[in-house]
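Visitor: My questions all concern the structure below.
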Amino acid sequence: MTTTPNGSVTFTLDGSNRSTKLPVLSGSIGPDVVDIRKLYADLGVFTFDPGYGETASCESQITYIDGDEGVLLYRGYPIEQLAESSDFIEVCYLLMNGNLPNAAQLAEFRKGVTYHTMVHEQIRRFFDGFRRDAHPMAVMCGVVGALAAFYHDNLDINDARQREIAAFRLIAKVPTIAAMAYKYALGQPFVYPRNDLSYAANFLHMLNAVPAEPYTVSPILAKAMDRILVLHADHEQNASTSTVRLAGSTGANPFACIAAGIAALWGPAHGGANEAVLKMLAEIGSVENIPAFIEKVKDKNSGVKLMGFGHRVYKNFDPRAKIMQQSCHEVLAELGIKDEPLLDMAMALEKVALEDEYFVSRKLYPNVDFYSGIILKAMGIPTSMFTVIFAVARTVGWVSQWKEMVEDPAQRIGRPRQIYTGPAKRDYVPVASRG
């Protein structure tokens, strides 16, 4: 435990003479928390918090978010500094190990990831069991979960070295599997990973290269992809991360836990937000229709929502969005895109939202999903792959959270409680006697 006691809170149960004093704990930064672990033992009651929005489910040293101030820290480092000066592999090391590496440590870690990028050759045949039109996230769930059947030699989660090997395998192989899912849907040959390319450039190469002709990865596009990966690498105890931790609390192997995280990410309320942005733009139709669309958004009774603006956690601005905005304009300039209708609408909508008092006063700024969707669209990546790329980025966060949980001596199996509202005890009635 690295939390420190900071006073206490006394709870008294009305109508009884029972009360209990519960400790208040402080982390390094952020709000204090009330430790309620003895609440049931002392008072015989549980807390009720649907969605766990006000509940700290674990202690973690990985990611810190201040939604009111628009702050995102990885291991204490501002996301703006990491996105500007670091790359995804260095961020992976940071998330997994707690500190930025020195040159030798980074080189060794980069080698550890690079030389695990290939997948077992029999996994190629695994894809033949899927329909060509299967959603790539369905493929990801199946193939990542199946990795435990191909790499069952290092699944002792109590062995630190085996945990490290499993982490390397997941971070390295998930992009390869993602690219294979994409190529399978297109009916194109799988492209093997290249160890001479960076993580992001290798991923783009596997997505876009074909055997018939050479493919050179644009440094601008590789940098944009690297930023997408860095900005999505971890985001505290969100739905998919909590799913990974809950699955991991049972002692499940890491491949199964990450597959569970992918399944949770697949939900449109979580990983599908950037896909929803492009769907919204398609429904708007053209730049000329934006004023009418904006009026519908302002009308509470219209049911029309502005996707890609605002954030459940960030009540001010999404710190990742400013970085992604820069990458967005760099990518559009690199590709020379000037008359793509969806992108034209996106830029026009961005301008309205940043200037219209209705949105400014409500702090409905463009979030990371708004810009990442535009970037991926500009790169020619289909919307069905957007959440897959999110999963590629988030894998290191899931692995880091899983590793931290396994190594926590206070870790115990997850077991939320409930308020039961069904029938009270009743006796079975034979079918012949039922009315």
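Every chain in the structure tokens has a letter given in the order shown (A, B, ...), and although residue numbers restart at 1 in each chain, ligands are simply numbered from 1 in the order shown.
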For region 45-82 of chain A versus region 99-111 of chain A, which residues have an atom no more than 10 Å away, and what is each residue's nearest atom pair and distance in Å rounded to one decimal, using only C-alpha atoms, chain-then-number order, as CSV?
Guide:
```
residue,atom,partner,partner_atom,distance
A:Tyr74,CA,A:Asn99,CA,9.7
A:Arg75,CA,A:Asn99,CA,7.2
A:Gly76,CA,A:Asn99,CA,9.2
A:Tyr77,CA,A:Leu100,CA,9.5
```
Visitor: Need to verify the contact set: His329 (chain A), 12 Å, only C-alpha atoms, exclusion of same-chain residues closer than 5 positions in sequence. Can you return it as a PyMOL selection string?
Guide: chain A and resi 220-221+224+322-324+334-338+343-344+346-347+371-372+374-375+378
Visitor: Would you mind exporting the chosen residues as a short mmCIF file (atom, residue, chain, number, x, y, z; two decimals), in the first residue's frame, restricted to all heavy atoms?
Guide:
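Saved result, again.cif, follows:
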```cif
data_model
loop_
_atom_site.label_atom_id
_atom_site.label_comp_id
_atom_site.auth_asym_id
_atom_site.auth_seq_id
_atom_site.Cartn_x
_atom_site.Cartn_y
_atom_site.Cartn_z
N ILE A 220 5.53 11.08 -41.98
CA ILE A 220 4.46 11.89 -41.38
C ILE A 220 3.32 10.99 -40.90
O ILE A 220 2.79 11.15 -39.79
CB ILE A 220 3.93 12.92 -42.39
CG1 ILE A 220 5.03 13.89 -42.82
CG2 ILE A 220 2.74 13.69 -41.80
CD1 ILE A 220 5.55 14.78 -41.72
N LEU A 221 2.94 10.01 -41.74
CA LEU A 221 1.86 9.10 -41.35
C LEU A 221 2.30 8.19 -40.22
O LEU A 221 1.50 7.86 -39.32
CB LEU A 221 1.41 8.28 -42.56
CG LEU A 221 0.88 9.06 -43.77
CD1 LEU A 221 0.28 8.11 -44.79
CD2 LEU A 221 -0.13 10.12 -43.36
N ALA A 224 2.06 10.18 -37.10
CA ALA A 224 0.65 10.34 -36.70
C ALA A 224 0.13 9.06 -36.06
O ALA A 224 -0.56 9.12 -35.03
CB ALA A 224 -0.19 10.72 -37.91
N LYS A 322 -5.77 18.28 -28.43
CA LYS A 322 -4.91 19.32 -29.00
C LYS A 322 -3.75 18.71 -29.78
O LYS A 322 -3.37 19.19 -30.84
CB LYS A 322 -4.38 20.22 -27.88
CG LYS A 322 -5.45 21.09 -27.23
CD LYS A 322 -4.83 22.03 -26.22
CE LYS A 322 -5.88 22.96 -25.61
NZ LYS A 322 -5.29 23.90 -24.62
N ILE A 323 -3.19 17.63 -29.23
CA ILE A 323 -2.08 16.96 -29.91
C ILE A 323 -2.59 16.31 -31.19
O ILE A 323 -1.94 16.38 -32.25
CB ILE A 323 -1.47 15.89 -28.98
CG1 ILE A 323 -1.07 16.52 -27.64
CG2 ILE A 323 -0.28 15.21 -29.63
CD1 ILE A 323 -0.87 15.54 -26.52
N MET A 324 -3.74 15.67 -31.11
CA MET A 324 -4.30 14.99 -32.27
C MET A 324 -4.71 15.98 -33.35
O MET A 324 -4.62 15.69 -34.54
CB MET A 324 -5.49 14.13 -31.85
CG MET A 324 -5.88 13.07 -32.87
SD MET A 324 -4.58 11.84 -33.09
CE MET A 324 -4.84 10.84 -31.64
N GLU A 334 0.07 16.29 -45.73
CA GLU A 334 0.94 15.28 -46.33
C GLU A 334 0.24 14.55 -47.47
O GLU A 334 0.84 14.25 -48.51
CB GLU A 334 1.37 14.28 -45.25
CG GLU A 334 2.06 13.01 -45.76
CD GLU A 334 3.46 13.24 -46.28
OE1 GLU A 334 3.96 14.37 -46.19
OE2 GLU A 334 4.06 12.27 -46.79
N LEU A 335 -1.03 14.27 -47.28
CA LEU A 335 -1.77 13.51 -48.28
C LEU A 335 -2.38 14.41 -49.36
O LEU A 335 -2.94 13.92 -50.34
CB LEU A 335 -2.88 12.70 -47.61
CG LEU A 335 -2.39 11.62 -46.63
CD1 LEU A 335 -3.55 10.96 -45.92
CD2 LEU A 335 -1.56 10.55 -47.37
N GLY A 336 -2.27 15.72 -49.16
CA GLY A 336 -2.80 16.65 -50.15
C GLY A 336 -4.31 16.57 -50.30
O GLY A 336 -4.85 16.81 -51.39
N ILE A 337 -4.99 16.26 -49.22
CA ILE A 337 -6.45 16.11 -49.26
C ILE A 337 -7.10 17.48 -49.12
O ILE A 337 -6.92 18.17 -48.12
CB ILE A 337 -6.95 15.17 -48.16
CG1 ILE A 337 -6.40 13.76 -48.40
CG2 ILE A 337 -8.46 15.15 -48.10
CD1 ILE A 337 -6.72 12.77 -47.31
N LYS A 338 -7.84 17.89 -50.14
CA LYS A 338 -8.47 19.20 -50.13
C LYS A 338 -9.97 19.16 -50.40
O LYS A 338 -10.70 20.07 -50.01
CB LYS A 338 -7.80 20.10 -51.17
CG LYS A 338 -6.32 20.38 -50.89
CD LYS A 338 -5.72 21.26 -51.96
CE LYS A 338 -4.24 21.52 -51.69
NZ LYS A 338 -3.63 22.37 -52.74
N LEU A 343 -14.09 15.05 -44.71
CA LEU A 343 -13.06 15.80 -44.02
C LEU A 343 -13.36 17.29 -44.07
O LEU A 343 -13.10 18.02 -43.10
CB LEU A 343 -11.69 15.50 -44.65
CG LEU A 343 -11.28 14.02 -44.58
CD1 LEU A 343 -9.95 13.79 -45.26
CD2 LEU A 343 -11.21 13.55 -43.13
N ASP A 344 -13.92 17.76 -45.17
CA ASP A 344 -14.33 19.16 -45.25
C ASP A 344 -15.39 19.47 -44.19
O ASP A 344 -15.35 20.52 -43.53
CB ASP A 344 -14.89 19.47 -46.65
CG ASP A 344 -13.82 19.45 -47.72
OD1 ASP A 344 -12.63 19.53 -47.36
OD2 ASP A 344 -14.17 19.33 -48.91
N ALA A 346 -15.84 17.86 -41.40
CA ALA A 346 -15.22 17.77 -40.09
C ALA A 346 -14.52 19.07 -39.72
O ALA A 346 -14.66 19.58 -38.60
CB ALA A 346 -14.23 16.61 -40.05
N MET A 347 -13.78 19.64 -40.66
CA MET A 347 -13.08 20.89 -40.39
C MET A 347 -14.07 22.04 -40.16
O MET A 347 -13.86 22.89 -39.30
CB MET A 347 -12.15 21.21 -41.55
CG MET A 347 -11.01 20.22 -41.78
SD MET A 347 -9.89 20.07 -40.35
CE MET A 347 -10.50 18.55 -39.59
N TYR A 371 -10.69 13.82 -33.81
CA TYR A 371 -9.54 13.97 -34.70
C TYR A 371 -8.96 12.63 -35.16
O TYR A 371 -8.53 12.50 -36.30
CB TYR A 371 -8.46 14.80 -34.02
CG TYR A 371 -8.86 16.23 -33.79
CD1 TYR A 371 -9.09 16.72 -32.51
CD2 TYR A 371 -9.03 17.10 -34.87
CE1 TYR A 371 -9.46 18.03 -32.30
CE2 TYR A 371 -9.41 18.42 -34.67
CZ TYR A 371 -9.63 18.88 -33.38
OH TYR A 371 -10.01 20.18 -33.18
N SER A 372 -8.96 11.63 -34.27
CA SER A 372 -8.40 10.34 -34.68
C SER A 372 -9.22 9.72 -35.79
O SER A 372 -8.67 9.10 -36.71
CB SER A 372 -8.30 9.40 -33.48
OG SER A 372 -9.58 9.07 -32.97
N ILE A 374 -10.84 11.33 -38.13
CA ILE A 374 -10.50 12.04 -39.36
C ILE A 374 -9.16 11.56 -39.90
O ILE A 374 -8.99 11.32 -41.11
CB ILE A 374 -10.45 13.56 -39.11
CG1 ILE A 374 -11.81 14.06 -38.65
CG2 ILE A 374 -10.01 14.30 -40.36
CD1 ILE A 374 -11.80 15.49 -38.16
N ILE A 375 -8.17 11.40 -39.01
CA ILE A 375 -6.84 10.95 -39.43
C ILE A 375 -6.91 9.57 -40.07
O ILE A 375 -6.35 9.33 -41.15
CB ILE A 375 -5.87 10.94 -38.23
CG1 ILE A 375 -5.58 12.36 -37.77
CG2 ILE A 375 -4.57 10.22 -38.59
CD1 ILE A 375 -4.78 12.44 -36.49
N ALA A 378 -8.52 9.67 -43.41
CA ALA A 378 -7.62 10.25 -44.40
C ALA A 378 -6.57 9.24 -44.85
O ALA A 378 -6.13 9.24 -46.00
CB ALA A 378 -6.95 11.50 -43.85
#
```
Visitor: In region 316-356 of chain A, what's alpha helix (DSSP H) per DSSP? Answer as a ChimeraX atom specification?
Guide: /A:319-335,341-355
Visitor: Which residues come within 9 Å of region 255-265 of chain A, counting only C-alpha atoms, excluding same-chain residues fewer than 2 positions away, as a VMD selection string?
Guide: chain A and resid 137 to 138 140 to 148 166 170 239 to 248 252 to 253 267 to 272 387 to 388 390 to 391 395 398 to 399 402
Visitor: Could you pull out the strand (DSSP E or B) residues of region 46-165 of chain A, going by DSSP on the backbone, and write them as JSON, numbers by chain?
Guide: {"A": [63, 64, 65, 66, 71, 72, 73, 74, 77, 78]}
Visitor: Hey, can you spit out that residue selection with N, CA, C and O atoms as a PDB file, in the first residue's frame?
Guide:
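See result_30.pdb below for the written result:
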```
ATOM      1  N   THR A  63      -1.700   5.564 -14.280  1.00  0.00           N
ATOM      2  CA  THR A  63      -2.270   6.707 -14.989  1.00  0.00           C
ATOM      3  C   THR A  63      -3.088   7.578 -14.045  1.00  0.00           C
ATOM      4  O   THR A  63      -3.821   7.055 -13.199  1.00  0.00           O
ATOM      5  N   TYR A  64      -2.953   8.891 -14.220  1.00  0.00           N
ATOM      6  CA  TYR A  64      -3.736   9.822 -13.423  1.00  0.00           C
ATOM      7  C   TYR A  64      -4.475  10.777 -14.355  1.00  0.00           C
ATOM      8  O   TYR A  64      -3.902  11.315 -15.307  1.00  0.00           O
ATOM      9  N   ILE A  65      -5.760  10.989 -14.077  1.00  0.00           N
ATOM     10  CA  ILE A  65      -6.593  11.906 -14.854  1.00  0.00           C
ATOM     11  C   ILE A  65      -7.216  12.929 -13.908  1.00  0.00           C
ATOM     12  O   ILE A  65      -7.755  12.561 -12.866  1.00  0.00           O
ATOM     13  N   ASP A  66      -7.129  14.204 -14.288  1.00  0.00           N
ATOM     14  CA  ASP A  66      -7.896  15.255 -13.634  1.00  0.00           C
ATOM     15  C   ASP A  66      -8.822  15.818 -14.696  1.00  0.00           C
ATOM     16  O   ASP A  66      -8.421  16.633 -15.527  1.00  0.00           O
ATOM     17  N   VAL A  71      -6.123  17.154 -17.399  1.00  0.00           N
ATOM     18  CA  VAL A  71      -4.776  16.626 -17.168  1.00  0.00           C
ATOM     19  C   VAL A  71      -4.777  15.119 -17.359  1.00  0.00           C
ATOM     20  O   VAL A  71      -5.663  14.419 -16.858  1.00  0.00           O
ATOM     21  N   LEU A  72      -3.784  14.613 -18.087  1.00  0.00           N
ATOM     22  CA  LEU A  72      -3.568  13.172 -18.231  1.00  0.00           C
ATOM     23  C   LEU A  72      -2.082  12.905 -18.043  1.00  0.00           C
ATOM     24  O   LEU A  72      -1.243  13.455 -18.769  1.00  0.00           O
ATOM     25  N   LEU A  73      -1.754  12.087 -17.046  1.00  0.00           N
ATOM     26  CA  LEU A  73      -0.367  11.748 -16.743  1.00  0.00           C
ATOM     27  C   LEU A  73      -0.160  10.249 -16.872  1.00  0.00           C
ATOM     28  O   LEU A  73      -0.958   9.459 -16.371  1.00  0.00           O
ATOM     29  N   TYR A  74       0.914   9.855 -17.548  1.00  0.00           N
ATOM     30  CA  TYR A  74       1.376   8.467 -17.529  1.00  0.00           C
ATOM     31  C   TYR A  74       2.561   8.400 -16.573  1.00  0.00           C
ATOM     32  O   TYR A  74       3.612   9.002 -16.823  1.00  0.00           O
ATOM     33  N   TYR A  77       4.148  11.682 -15.957  1.00  0.00           N
ATOM     34  CA  TYR A  77       4.578  12.499 -17.083  1.00  0.00           C
ATOM     35  C   TYR A  77       3.372  13.008 -17.865  1.00  0.00           C
ATOM     36  O   TYR A  77       2.499  12.220 -18.243  1.00  0.00           O
ATOM     37  N   PRO A  78       3.306  14.324 -18.131  1.00  0.00           N
ATOM     38  CA  PRO A  78       2.180  14.870 -18.902  1.00  0.00           C
ATOM     39  C   PRO A  78       2.122  14.251 -20.298  1.00  0.00           C
ATOM     40  O   PRO A  78       3.156  14.079 -20.957  1.00  0.00           O
TER      41      PRO A  78
END
```
Visitor: With distances taken over only C-alpha atoms, which residue among A:Ile29, A:Leu354, A:Ile79, A:Ile89 lies nearest Gln61 (chain A)?
Guide: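 Looking only at the distances to Gln61 (chain A), the closest residue turns out to be A:Ile29.
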Visitor: Mind checking which residues fall within 12 Å of Phe359 (chain A), counting only C-alpha atoms, ignoring those fewer than 6 positions away in the same chain, and posting them as a PyMOL selection string?
Guide: chain A and resi 294-295+297-298+306+309-310+316-317+349-353+365-366
Visitor: Just to be explicit: take each residue in the selection above, keep N, CA and C atoms, and write the result as a tab-separated table (two decimals), in the first residue's frame.
Guide:
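Okay, this is what ended up in selection-v1.tsv:
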```tsv
chain	number	residue	atom	x	y	z
A	294	ILE	N	-26.48	21.93	-36.59
A	294	ILE	CA	-26.13	22.56	-35.33
A	294	ILE	C	-27.40	23.01	-34.58
A	295	GLU	N	-28.38	23.52	-35.32
A	295	GLU	CA	-29.62	23.93	-34.68
A	295	GLU	C	-30.34	22.75	-34.06
A	297	VAL	N	-28.84	20.07	-32.89
A	297	VAL	CA	-28.07	19.71	-31.70
A	297	VAL	C	-28.48	20.58	-30.52
A	298	LYS	N	-28.72	21.86	-30.78
A	298	LYS	CA	-29.10	22.79	-29.71
A	298	LYS	C	-30.53	22.57	-29.22
A	306	LEU	N	-24.11	15.58	-30.87
A	306	LEU	CA	-22.87	15.97	-31.53
A	306	LEU	C	-21.78	15.00	-31.07
A	309	PHE	N	-17.39	15.37	-29.44
A	309	PHE	CA	-17.19	16.61	-28.70
A	309	PHE	C	-17.56	16.37	-27.25
A	310	GLY	N	-16.75	16.94	-26.34
A	310	GLY	CA	-16.98	16.69	-24.92
A	310	GLY	C	-16.47	15.31	-24.54
A	316	ASN	N	-13.33	19.89	-18.90
A	316	ASN	CA	-12.77	21.09	-19.51
A	316	ASN	C	-12.42	20.76	-20.96
A	317	PHE	N	-11.22	20.33	-21.23
A	317	PHE	CA	-10.84	19.90	-22.57
A	317	PHE	C	-10.07	18.59	-22.47
A	349	LEU	N	-17.16	21.72	-39.04
A	349	LEU	CA	-17.82	21.47	-37.76
A	349	LEU	C	-16.90	21.85	-36.60
A	350	GLU	N	-15.63	21.55	-36.74
A	350	GLU	CA	-14.65	21.93	-35.72
A	350	GLU	C	-14.66	23.45	-35.53
A	351	LYS	N	-14.67	24.20	-36.63
A	351	LYS	CA	-14.63	25.66	-36.57
A	351	LYS	C	-15.87	26.20	-35.85
A	352	VAL	N	-17.03	25.65	-36.19
A	352	VAL	CA	-18.28	26.09	-35.54
A	352	VAL	C	-18.23	25.83	-34.05
A	353	ALA	N	-17.80	24.62	-33.67
A	353	ALA	CA	-17.81	24.23	-32.26
A	353	ALA	C	-16.83	25.06	-31.44
A	365	TYR	N	-15.67	20.83	-26.37
A	365	TYR	CA	-14.55	20.92	-27.29
A	365	TYR	C	-14.38	19.60	-28.04
A	366	PRO	N	-13.76	19.64	-29.21
A	366	PRO	CA	-13.47	18.38	-29.91
A	366	PRO	C	-12.59	17.48	-29.03
```
Visitor: Figure out the distance between CA of Lys403 (chain A) and CA of Asp156 (chain A), please, to one decimal in Å.
Guide: 12.4 Å
Visitor: I'd like the neighbourhood of Leu342 (chain A) as an MDAnalysis selection string, where a residue qualifies if any of its atoms comes within 9 Å (using only C-alpha atoms), though same-chain residues fewer than 4 positions away should be ignored.
Guide: chainID A and resid 278 281:282 285:287 346:347 374 377
Visitor: Would you pick out the contacts of His135 (chain A) at 12 Å or less, using only C-alpha atoms, so that residues sharing its chain but fewer than 3 positions from it are not included, and give the list as a list in words?
Guide: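 Near His135 (chain A), the qualifying residues are Phe130, Arg131, Arg132, Ala138, Val139, Met140, Cys141, Gly142, Ala178, Ala181, Tyr182, Tyr184, Ala185, Leu186, Trp266, Pro382, Thr383, Ser384, Met385, Phe386, Thr387 and Val388 of chain A.
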Visitor: Give me, as a list in words, all polymer residues having an atom no more than 9 Å from Pro175 (chain A), counting only C-alpha atoms and skipping those fewer than 5 positions away in the same chain.
Guide: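 Residues meeting the cut-off are Thr117, Leu170, Met180, Tyr199, Asn202, Phe203, Met206, Val388, Ile389, Ala391, Val392 and Ala393 of chain A.
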Visitor: Would you put the residues from that selection into a file with C-alpha atoms, as a PDB file, in the first residue's frame?
Guide:
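Result file follows (again_23.pdb):
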```
ATOM      1  CA  THR A 117       6.163  -9.585 -33.719  1.00  0.00           C
ATOM      2  CA  LEU A 170       0.984  -9.312 -26.536  1.00  0.00           C
ATOM      3  CA  MET A 180      -3.971  -9.946 -40.579  1.00  0.00           C
ATOM      4  CA  TYR A 199       6.454  -0.055 -34.249  1.00  0.00           C
ATOM      5  CA  ASN A 202       5.703  -1.607 -39.216  1.00  0.00           C
ATOM      6  CA  PHE A 203       1.990  -1.600 -38.399  1.00  0.00           C
ATOM      7  CA  MET A 206       1.515  -4.630 -42.596  1.00  0.00           C
ATOM      8  CA  VAL A 388      -9.051  -2.426 -33.709  1.00  0.00           C
ATOM      9  CA  ILE A 389      -6.383   0.276 -33.805  1.00  0.00           C
ATOM     10  CA  ALA A 391      -7.096  -2.082 -29.154  1.00  0.00           C
ATOM     11  CA  VAL A 392      -3.567  -2.154 -30.575  1.00  0.00           C
ATOM     12  CA  ALA A 393      -2.751   1.000 -28.611  1.00  0.00           C
TER      13      ALA A 393
END
```
Visitor: Taking into account only C-alpha atoms, which residue in the set A:Ser57, A:Ser28, A:Gln401, A:Ser86 is nearest to Leu229 (chain A)?
Guide: A:Ser86
Visitor: Rounded to one decimal in Å, what is the spacing between CA of Leu231 (chain A) and CA of Ala83 (chain A)?
Guide: 7.1 Å
Visitor: What's the separation between CA of Asp68 (chain A) and CA of Arg320 (chain A), in Å to one decimal place?
Guide: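 Separation of CA of Asp68 (chain A) and CA of Arg320 (chain A): 14.3 Å.
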